[in-house]
>>> print(open('input_3.cif').read())   # mmCIF, C-alpha atoms
data_work
loop_
_atom_site.label_atom_id
_atom_site.label_comp_id
_atom_site.auth_asym_id
_atom_site.auth_seq_id
_atom_site.Cartn_x
_atom_site.Cartn_y
_atom_site.Cartn_z
CA MET N 1 122.12 109.94 118.55
CA LYS N 2 118.62 111.39 118.47
CA ARG N 3 119.34 113.29 121.68
CA GLN N 4 122.43 114.79 120.05
CA GLY N 5 120.20 116.31 117.41
CA LYS N 6 121.67 114.33 114.51
CA ARG N 7 118.20 113.83 113.05
CA GLU N 8 119.16 113.35 109.44
CA LYS N 9 121.79 110.73 110.18
CA ALA N 10 119.42 108.90 112.53
CA GLN N 11 116.78 108.73 109.81
CA LYS N 12 119.28 107.33 107.31
CA LEU N 13 120.29 104.64 109.81
CA PHE N 14 116.66 103.65 110.39
CA LEU N 15 116.06 103.45 106.64
CA HIS N 16 119.21 101.40 106.14
CA ALA N 17 118.24 98.97 108.91
CA LEU N 18 114.79 98.47 107.39
CA LYS N 19 116.25 98.05 103.91
CA MET N 20 118.42 95.25 105.27
CA ASP N 21 115.48 93.70 107.16
CA PRO N 22 112.01 95.17 106.39
CA ASP N 23 110.48 93.02 109.15
CA TYR N 24 112.79 94.24 111.94
CA VAL N 25 110.10 95.04 114.54
CA ASP N 26 112.33 97.00 116.92
CA ALA N 27 113.58 99.20 114.08
CA LEU N 28 110.01 99.80 112.89
CA THR N 29 108.89 100.79 116.37
CA GLU N 30 111.88 103.03 117.07
CA PHE N 31 111.56 104.67 113.67
CA GLY N 32 107.89 105.26 114.55
CA LEU N 33 108.89 107.04 117.74
CA PHE N 34 111.44 109.06 115.78
CA SER N 35 108.74 110.00 113.24
CA GLU N 36 106.43 111.14 116.05
CA GLU N 37 109.16 113.42 117.32
CA GLU N 38 109.44 114.78 113.78
CA LYS N 39 105.67 115.46 113.84
CA ASP N 40 105.03 112.91 111.07
CA ILE N 41 102.12 111.15 112.77
CA ILE N 42 100.91 109.35 109.64
CA GLN N 43 104.36 107.84 109.02
CA ALA N 44 104.64 106.86 112.70
CA ASP N 45 101.24 105.17 112.69
CA TYR N 46 102.11 103.27 109.51
CA LEU N 47 105.33 101.99 111.09
CA TYR N 48 103.57 100.88 114.28
CA SER N 49 100.88 99.20 112.18
CA LYS N 50 103.48 97.31 110.17
CA ALA N 51 105.29 96.26 113.36
CA LEU N 52 102.02 94.88 114.75
CA THR N 53 101.33 93.00 111.53
CA ILE N 54 104.60 91.16 112.12
CA SER N 55 104.39 90.95 115.92
CA PRO N 56 100.75 91.51 117.03
CA HIS N 57 101.56 91.51 120.76
CA ASN N 58 104.55 93.83 120.74
CA LYS N 59 103.87 96.01 123.80
CA LYS N 60 105.73 99.13 122.66
CA ALA N 61 104.05 99.09 119.24
CA LEU N 62 100.60 98.51 120.80
CA VAL N 63 100.97 101.42 123.22
CA SER N 64 102.32 103.70 120.49
CA ARG N 65 99.58 102.75 118.02
CA ASP N 66 96.90 103.50 120.61
CA ARG N 67 98.37 106.98 120.77
CA THR N 68 98.64 107.66 117.02
CA LEU N 69 95.53 105.95 115.63
CA PRO N 70 92.96 108.54 116.79
CA LEU N 71 95.23 111.35 115.60
CA VAL N 72 95.56 109.79 112.15
CA GLU N 73 91.81 109.20 111.90
CA GLU N 74 91.25 112.87 112.72
CA ILE N 75 93.78 113.93 110.04
CA ASP N 76 92.07 111.72 107.44
CA GLN N 77 88.60 113.02 108.29
CA ARG N 78 89.84 116.59 108.13
CA PHE N 79 91.19 115.94 104.63
CA PHE N 80 87.83 114.46 103.57
CA SER N 81 86.12 117.61 104.88
CA ILE N 82 88.42 119.80 102.78
CA ILE N 83 87.60 117.68 99.71
CA ASP N 84 83.86 117.89 100.42
CA SER N 85 84.11 121.67 100.63
CA LYS N 86 85.79 121.81 97.22
CA VAL N 87 83.20 119.44 95.73
CA ARG N 88 80.45 121.82 96.85
CA LYS N 89 82.25 124.69 95.13
CA VAL N 90 82.53 122.72 91.90
CA LEU N 91 78.88 121.69 92.08
CA SER N 92 77.94 125.36 92.41
CA ILE N 93 79.34 126.13 88.95
CA PRO N 94 76.45 126.65 86.49
CA LYS N 95 75.88 123.60 84.34
CA GLY N 96 76.42 125.48 81.10
CA ASN N 97 79.76 126.98 82.13
CA SER N 98 81.90 126.77 78.98
CA ALA N 99 85.22 126.76 80.85
CA LEU N 100 84.15 123.80 82.96
CA ARG N 101 82.98 121.86 79.95
CA ARG N 102 86.25 122.55 78.11
CA VAL N 103 88.40 121.37 81.00
CA MET N 104 86.25 118.24 81.47
CA GLU N 105 86.55 117.41 77.77
CA GLU N 106 90.31 117.94 77.92
CA SER N 107 90.57 115.78 81.04
CA TYR N 108 88.94 112.96 79.07
CA TYR N 109 91.98 112.63 76.83
CA HIS N 110 94.33 113.06 79.77
CA HIS N 111 92.58 110.28 81.66
CA ILE N 112 92.98 107.82 78.79
CA TYR N 113 96.60 108.87 78.32
CA HIS N 114 97.56 108.37 81.96
CA THR N 115 95.53 105.21 82.62
CA VAL N 116 97.23 103.37 79.73
CA ALA N 117 100.63 105.03 80.24
CA ILE N 118 100.76 103.93 83.88
CA GLU N 119 100.77 100.37 82.54
CA GLY N 120 103.47 101.00 79.95
CA ASN N 121 101.66 102.31 76.88
CA THR N 122 104.01 104.63 74.94
CA LEU N 123 101.47 106.64 72.91
CA THR N 124 101.63 110.40 73.43
CA LEU N 125 98.67 112.54 74.44
CA ALA N 126 98.53 114.03 70.92
CA GLU N 127 98.52 110.55 69.35
CA ILE N 128 95.71 109.42 71.64
CA ARG N 129 93.66 112.47 70.72
CA HIS N 130 94.30 111.73 67.02
CA ILE N 131 93.12 108.11 67.36
CA ILE N 132 89.90 109.06 69.16
CA GLU N 133 89.01 112.06 67.02
CA THR N 134 89.87 110.68 63.57
CA ARG N 135 89.48 106.91 64.09
CA TYR N 136 92.70 106.55 62.08
CA ALA N 137 95.77 104.65 63.24
CA VAL N 138 99.05 106.40 64.03
CA PRO N 139 101.70 105.18 61.57
CA GLY N 140 104.68 103.41 63.07
CA LYS N 141 103.02 102.81 66.44
CA SER N 142 102.00 99.51 68.00
CA LEU N 143 98.49 98.47 66.98
CA GLU N 144 98.04 96.80 70.36
CA GLU N 145 98.73 100.08 72.14
CA GLN N 146 96.32 101.89 69.85
CA ASN N 147 93.66 99.25 70.48
CA GLU N 148 94.12 99.81 74.23
CA VAL N 149 93.13 103.44 73.66
CA ILE N 150 90.08 102.49 71.58
CA GLY N 151 89.05 100.03 74.30
CA MET N 152 89.31 102.67 77.02
CA HIS N 153 87.29 105.09 74.90
CA ALA N 154 84.54 102.47 74.46
CA ALA N 155 84.52 101.54 78.15
CA MET N 156 84.35 105.17 79.30
CA LYS N 157 81.39 105.85 77.00
CA TYR N 158 79.63 102.78 78.41
CA VAL N 159 80.21 103.89 82.00
CA ASN N 160 79.00 107.41 81.27
CA THR N 161 75.88 106.60 79.27
CA THR N 162 74.71 103.34 80.85
CA LEU N 163 75.92 102.95 84.44
CA LEU N 164 76.18 106.47 85.85
CA SER N 165 72.50 106.82 86.74
CA ARG N 166 72.23 103.37 88.33
CA ILE N 167 73.40 104.18 91.87
CA GLY N 168 73.57 101.18 94.16
CA SER N 169 72.90 98.63 91.45
CA VAL N 170 76.25 97.71 89.91
CA SER N 171 76.01 94.07 88.86
CA LEU N 172 78.59 91.44 87.99
CA PRO N 173 77.57 91.61 84.29
CA ASP N 174 78.22 95.38 84.46
CA VAL N 175 81.80 94.82 85.64
CA LEU N 176 82.30 92.16 82.97
CA GLU N 177 80.92 94.53 80.33
CA ILE N 178 83.32 97.29 81.38
CA HIS N 179 86.18 94.83 81.04
CA ARG N 180 84.90 93.46 77.74
CA ARG N 181 85.15 96.94 76.28
CA VAL N 182 88.49 97.71 77.94
CA LEU N 183 90.14 94.59 76.52
CA GLY N 184 87.86 93.82 73.58
CA TYR N 185 90.00 95.48 70.90
CA VAL N 186 93.23 93.93 72.19
CA ASP N 187 92.05 90.45 73.16
CA PRO N 188 88.37 89.85 72.32
CA VAL N 189 88.59 86.26 73.57
CA GLU N 190 89.58 87.28 77.12
CA GLY N 191 87.55 90.48 77.23
CA GLY N 192 84.69 90.15 79.73
CA ARG N 193 85.81 86.70 80.88
CA PHE N 194 87.32 85.59 84.18
CA ARG N 195 90.85 84.21 84.02
CA THR N 196 91.29 80.44 84.04
CA THR N 197 94.96 80.44 85.06
CA GLN N 198 96.85 81.46 88.18
CA VAL N 199 98.56 84.83 87.96
CA PHE N 200 101.18 86.54 90.12
CA VAL N 201 101.40 90.30 90.67
CA GLY N 202 104.73 91.16 92.25
CA HIS N 203 104.67 89.60 95.72
CA HIS N 204 100.87 89.30 95.62
CA VAL N 205 99.28 85.96 94.76
CA PRO N 206 95.66 86.60 93.71
CA PRO N 207 92.95 84.00 94.40
CA HIS N 208 93.00 80.68 92.55
CA PRO N 209 90.95 80.76 89.31
CA ARG N 210 88.32 78.45 90.82
CA ASP N 211 87.66 81.04 93.55
CA VAL N 212 87.47 84.10 91.31
CA GLU N 213 83.75 84.01 90.49
CA LYS N 214 82.76 83.49 94.14
CA GLN N 215 84.95 86.37 95.28
CA MET N 216 83.63 88.61 92.52
CA LEU N 217 80.04 87.88 93.55
CA GLU N 218 80.96 88.83 97.13
CA PHE N 219 82.70 91.95 95.81
CA VAL N 220 79.62 93.09 93.88
CA GLN N 221 77.42 92.37 96.90
CA TRP N 222 79.71 94.60 98.96
CA ILE N 223 79.63 97.43 96.38
CA ASN N 224 75.84 97.56 96.60
CA SER N 225 75.70 97.22 100.40
CA GLU N 226 74.61 99.95 102.80
CA ASP N 227 77.95 99.60 104.61
CA ALA N 228 79.90 100.44 101.45
CA MET N 229 77.62 103.26 100.35
CA GLY N 230 77.75 104.68 103.87
CA LEU N 231 81.49 105.30 103.55
CA HIS N 232 82.90 108.62 102.41
CA PRO N 233 82.77 108.52 98.56
CA VAL N 234 86.56 108.76 98.22
CA GLU N 235 87.10 105.90 100.67
CA PHE N 236 84.37 103.83 98.98
CA ALA N 237 85.87 104.40 95.52
CA ALA N 238 89.42 103.64 96.68
CA LEU N 239 88.37 100.43 98.44
CA ALA N 240 86.41 99.28 95.39
CA HIS N 241 89.49 99.85 93.24
CA TYR N 242 91.73 98.00 95.68
CA LYS N 243 89.38 95.05 96.22
CA LEU N 244 89.03 94.48 92.47
CA VAL N 245 92.76 94.54 91.74
CA TYR N 246 93.34 92.31 94.77
CA ILE N 247 91.06 89.64 93.26
CA HIS N 248 92.68 90.30 89.86
CA PRO N 249 89.85 88.47 88.09
CA PHE N 250 91.09 88.96 84.53
CA VAL N 251 94.16 87.96 82.56
CA ASP N 252 94.76 91.60 81.62
CA GLY N 253 93.08 94.98 82.04
CA ASN N 254 92.48 94.70 85.79
CA GLY N 255 93.97 98.11 86.59
CA ARG N 256 92.12 99.95 83.84
CA THR N 257 88.83 98.31 84.83
CA SER N 258 89.41 99.10 88.51
CA ARG N 259 90.14 102.75 87.79
CA LEU N 260 86.97 103.03 85.71
CA LEU N 261 84.91 101.45 88.48
CA MET N 262 86.51 103.84 90.98
CA ASN N 263 85.51 106.82 88.84
CA LEU N 264 81.98 105.47 88.38
CA ILE N 265 81.54 105.43 92.17
CA LEU N 266 82.95 108.95 92.49
CA MET N 267 80.74 110.34 89.72
CA GLN N 268 77.63 108.69 91.19
CA ALA N 269 78.38 110.63 94.38
CA GLY N 270 78.68 113.92 92.46
CA TYR N 271 82.48 113.97 92.33
CA PRO N 272 84.46 114.52 89.13
CA PRO N 273 86.33 111.57 87.61
CA ILE N 274 89.94 111.57 88.74
CA THR N 275 93.21 110.65 87.08
CA ILE N 276 96.16 108.82 88.59
CA ARG N 277 99.01 110.31 86.60
CA LYS N 278 101.78 108.20 85.10
CA GLU N 279 104.26 110.23 87.18
CA GLN N 280 102.56 108.74 90.24
CA ARG N 281 103.14 105.18 89.03
CA ALA N 282 105.71 104.27 91.71
CA GLU N 283 103.61 105.80 94.50
CA TYR N 284 100.47 104.08 93.15
CA TYR N 285 101.98 100.60 93.01
CA HIS N 286 103.72 101.05 96.36
CA ALA N 287 100.42 102.01 98.00
CA LEU N 288 98.82 98.87 96.53
CA GLU N 289 101.68 96.76 97.90
CA VAL N 290 101.24 98.31 101.35
CA ALA N 291 97.52 97.54 101.13
CA ASN N 292 98.33 93.92 100.31
CA GLU N 293 100.43 93.87 103.49
CA GLY N 294 97.37 94.91 105.50
CA ASP N 295 97.23 98.73 105.56
CA VAL N 296 94.95 100.16 102.88
CA ARG N 297 94.97 103.70 104.30
CA PRO N 298 97.96 104.96 102.24
CA PHE N 299 96.10 103.92 99.09
CA ILE N 300 92.94 105.73 100.23
CA ARG N 301 95.06 108.82 100.92
CA LEU N 302 96.57 108.64 97.43
CA ILE N 303 93.11 108.55 95.86
CA ALA N 304 92.07 111.43 98.10
CA LYS N 305 95.11 113.42 96.95
CA CYS N 306 94.24 112.74 93.30
CA THR N 307 90.65 113.81 93.99
CA GLU N 308 91.77 117.10 95.51
CA THR N 309 94.14 117.71 92.58
CA THR N 310 91.26 117.27 90.13
CA LEU N 311 88.99 119.58 92.12
CA ASP N 312 91.69 122.24 92.32
CA MET N 313 92.17 122.03 88.56
CA LEU N 314 88.44 122.49 87.92
CA LEU N 315 88.18 125.42 90.32
CA PHE N 316 91.26 127.10 88.87
CA ALA N 317 89.94 126.69 85.32
CA THR N 318 86.61 128.26 86.22
CA THR N 319 87.61 131.11 88.52
CA GLU N 320 85.34 133.53 86.63
CA HIS N 321 82.13 131.73 87.61
CA SER N 322 79.73 132.99 90.28
CA LEU N 323 79.28 130.95 93.46
CA ASN N 324 76.00 132.64 94.39
CA ARG N 325 73.74 129.69 93.62
CA LEU N 326 74.13 125.98 94.11
CA MET N 327 73.07 123.83 91.18
CA GLN N 328 73.24 120.09 91.80
CA TRP N 329 74.13 118.21 88.64
CA PRO N 330 76.04 115.00 87.87
CA LEU N 331 79.65 115.37 86.77
CA ARG N 332 80.22 113.07 83.83
CA ILE N 333 83.23 112.00 81.85
CA TYR N 334 82.52 114.03 78.73
CA TYR N 335 83.56 112.28 75.56
CA PRO N 336 83.82 113.39 71.94
CA ARG N 337 80.68 112.91 69.91
#
>>> encode(input="input_3.cif", output="structure tokens")
Amino acid sequence: MKRQGKREKAQKLFLHALKMDPDYVDALTEFGLFSEEEKDIIQADYLYSKALTISPHNKKALVSRDRTLPLVEEIDQRFFSIIDSKVRKVLSIPKGNSALRRVMEESYYHHIYHTVAIEGNTLTLAEIRHIIETRYAVPGKSLEEQNEVIGMHAAMKYVNTTLLSRIGSVSLPDVLEIHRRVLGYVDPVEGGRFRTTQVFVGHHVPPHPRDVEKQMLEFVQWINSEDAMGLHPVEFAALAHYKLVYIHPFVDGNGRTSRLLMNLILMQAGYPPITIRKEQRAEYYHALEVANEGDVRPFIRLIAKCTETTLDMLLFATTEHSLNRLMQWPLRIYYPR
């Protein structure tokens, strides 16, 4: 069928076969070969990787993966280089640039809106701005949802004013304090406290409650390690996010806390804070599921894509600035005074 050039129909048949049986190794491998022919090397490598997770000694998948892996690594590194180039351009913008400050202030509200909306909060961007600027409740809206916004506002201020300058010294109490502020206005009892019950997140079964503290200590040790800080900042931030939600140490607020920690790592490296938009919810959760299955690279790529989107927005908003001099300065999450 492929030889007959019926590419679209062949792809539909592969997708149908994998929908019927997601662990069908031969279909995964053949679809990988098909994807290579279509010049989609990243998709092909993912399919070979998944086939090998199911059948580690499958000869065809092993040979194919040996072929695609170096190509995919080159693609990923090239994307990181593009991001680094854009970061340098943003860092060259004079610190007092009014356009940059305006867009960073506006992105503050957008970040809160999307980070709570991605988890189901129904408040609008205008309502969130009203809550933060006036400290008054929005009539007719859930108080719990409004308290989620106040908690995010408090946690973001804490990250910006207390943790940003402490590179390489994030402690377990710091993570607990971020969470205490995230959840403190919704559930002050659980805020800043490890869960004491087993939870289930889709198909993922996080560690037993008795193992949470040990795994969190290991997680914090990793965050401060030379190995972690030697990674590209986007990869480091994405892995920190993933590792924390994998442990799922809290009853609630794990995603919001993980996204704040991710942005802390990015900002400490001179990157702007990024936003995972609510429109990306399906892609975001799918990438986390794929990571739970053993391939964290799609999640890293998603965070890289969000990083590039943020950089493009900042550069577009400040196109009038001069790039003649490079001024190194930390990008912070600006918040209303």
>>> resolve_selection(input="input_3.cif", expression="the PyMOL selection byres ((chain N and resi 11) around 12)", output="VMD selection string")
chain N and resid 1 to 2 5 to 10 12 to 18 27 to 28 30 to 35 37 to 38
>>> atom_distance(input="input_3.cif", atom1="CA of Met216 in chain N", atom2="CA of Asp295 in chain N")
21.4 Å
>>> resolve_selection(input="input_3.cif", expression="the PyMOL selection byres ((chain N and resi 221-237) around 8)", output="JSON list (two decimals) with C-alpha atoms, in the frame of the given file")
[["chain", "number", "residue", "atom", "x", "y", "z"],
["N", 80, "PHE", "CA", 87.83, 114.46, 103.57],
["N", 168, "GLY", "CA", 73.57, 101.18, 94.16],
["N", 169, "SER", "CA", 72.90, 98.63, 91.45],
["N", 170, "VAL", "CA", 76.25, 97.71, 89.91],
["N", 217, "LEU", "CA", 80.04, 87.88, 93.55],
["N", 218, "GLU", "CA", 80.96, 88.83, 97.13],
["N", 219, "PHE", "CA", 82.70, 91.95, 95.81],
["N", 220, "VAL", "CA", 79.62, 93.09, 93.88],
["N", 238, "ALA", "CA", 89.42, 103.64, 96.68],
["N", 239, "LEU", "CA", 88.37, 100.43, 98.44],
["N", 240, "ALA", "CA", 86.41, 99.28, 95.39],
["N", 241, "HIS", "CA", 89.49, 99.85, 93.24],
["N", 261, "LEU", "CA", 84.91, 101.45, 88.48],
["N", 262, "MET", "CA", 86.51, 103.84, 90.98],
["N", 263, "ASN", "CA", 85.51, 106.82, 88.84],
["N", 265, "ILE", "CA", 81.54, 105.43, 92.17],
["N", 266, "LEU", "CA", 82.95, 108.95, 92.49],
["N", 269, "ALA", "CA", 78.38, 110.63, 94.38],
["N", 300, "ILE", "CA", 92.94, 105.73, 100.23],
["N", 303, "ILE", "CA", 93.11, 108.55, 95.86],
["N", 304, "ALA", "CA", 92.07, 111.43, 98.10],
["N", 307, "THR", "CA", 90.65, 113.81, 93.99]]
>>> atom_distance(input="input_3.cif", atom1="CA of Ile83 in chain N", atom2="CA of Glu308 in chain N")
5.9 Å
>>> resolve_selection(input="input_3.cif", expression="the PyMOL selection byres ((chain N and resi 289-293) around 10)", output="VMD selection string")
chain N and resid 46 50 53 to 54 201 to 205 239 242 to 243 246 283 to 288 294 to 300
>>> write_last_selection(input="input_3.cif", atoms="C-alpha atoms", output="tab-separated table (two decimals), in the coordinates of the input")
chain	number	residue	atom	x	y	z
N	46	TYR	CA	102.11	103.27	109.51
N	50	LYS	CA	103.48	97.31	110.17
N	53	THR	CA	101.33	93.00	111.53
N	54	ILE	CA	104.60	91.16	112.12
N	201	VAL	CA	101.40	90.30	90.67
N	202	GLY	CA	104.73	91.16	92.25
N	203	HIS	CA	104.67	89.60	95.72
N	204	HIS	CA	100.87	89.30	95.62
N	205	VAL	CA	99.28	85.96	94.76
N	239	LEU	CA	88.37	100.43	98.44
N	242	TYR	CA	91.73	98.00	95.68
N	243	LYS	CA	89.38	95.05	96.22
N	246	TYR	CA	93.34	92.31	94.77
N	283	GLU	CA	103.61	105.80	94.50
N	284	TYR	CA	100.47	104.08	93.15
N	285	TYR	CA	101.98	100.60	93.01
N	286	HIS	CA	103.72	101.05	96.36
N	287	ALA	CA	100.42	102.01	98.00
N	288	LEU	CA	98.82	98.87	96.53
N	294	GLY	CA	97.37	94.91	105.50
N	295	ASP	CA	97.23	98.73	105.56
N	296	VAL	CA	94.95	100.16	102.88
N	297	ARG	CA	94.97	103.70	104.30
N	298	PRO	CA	97.96	104.96	102.24
N	299	PHE	CA	96.10	103.92	99.09
N	300	ILE	CA	92.94	105.73	100.23
>>> residues_around(input="input_3.cif", residues="Arg281 in chain N", least_positions_apart="5", cutoff="12 Å", atoms="all atoms listed in the file", output="ChimeraX atom specification")
/N:114-120,255,275-276,286-288,302
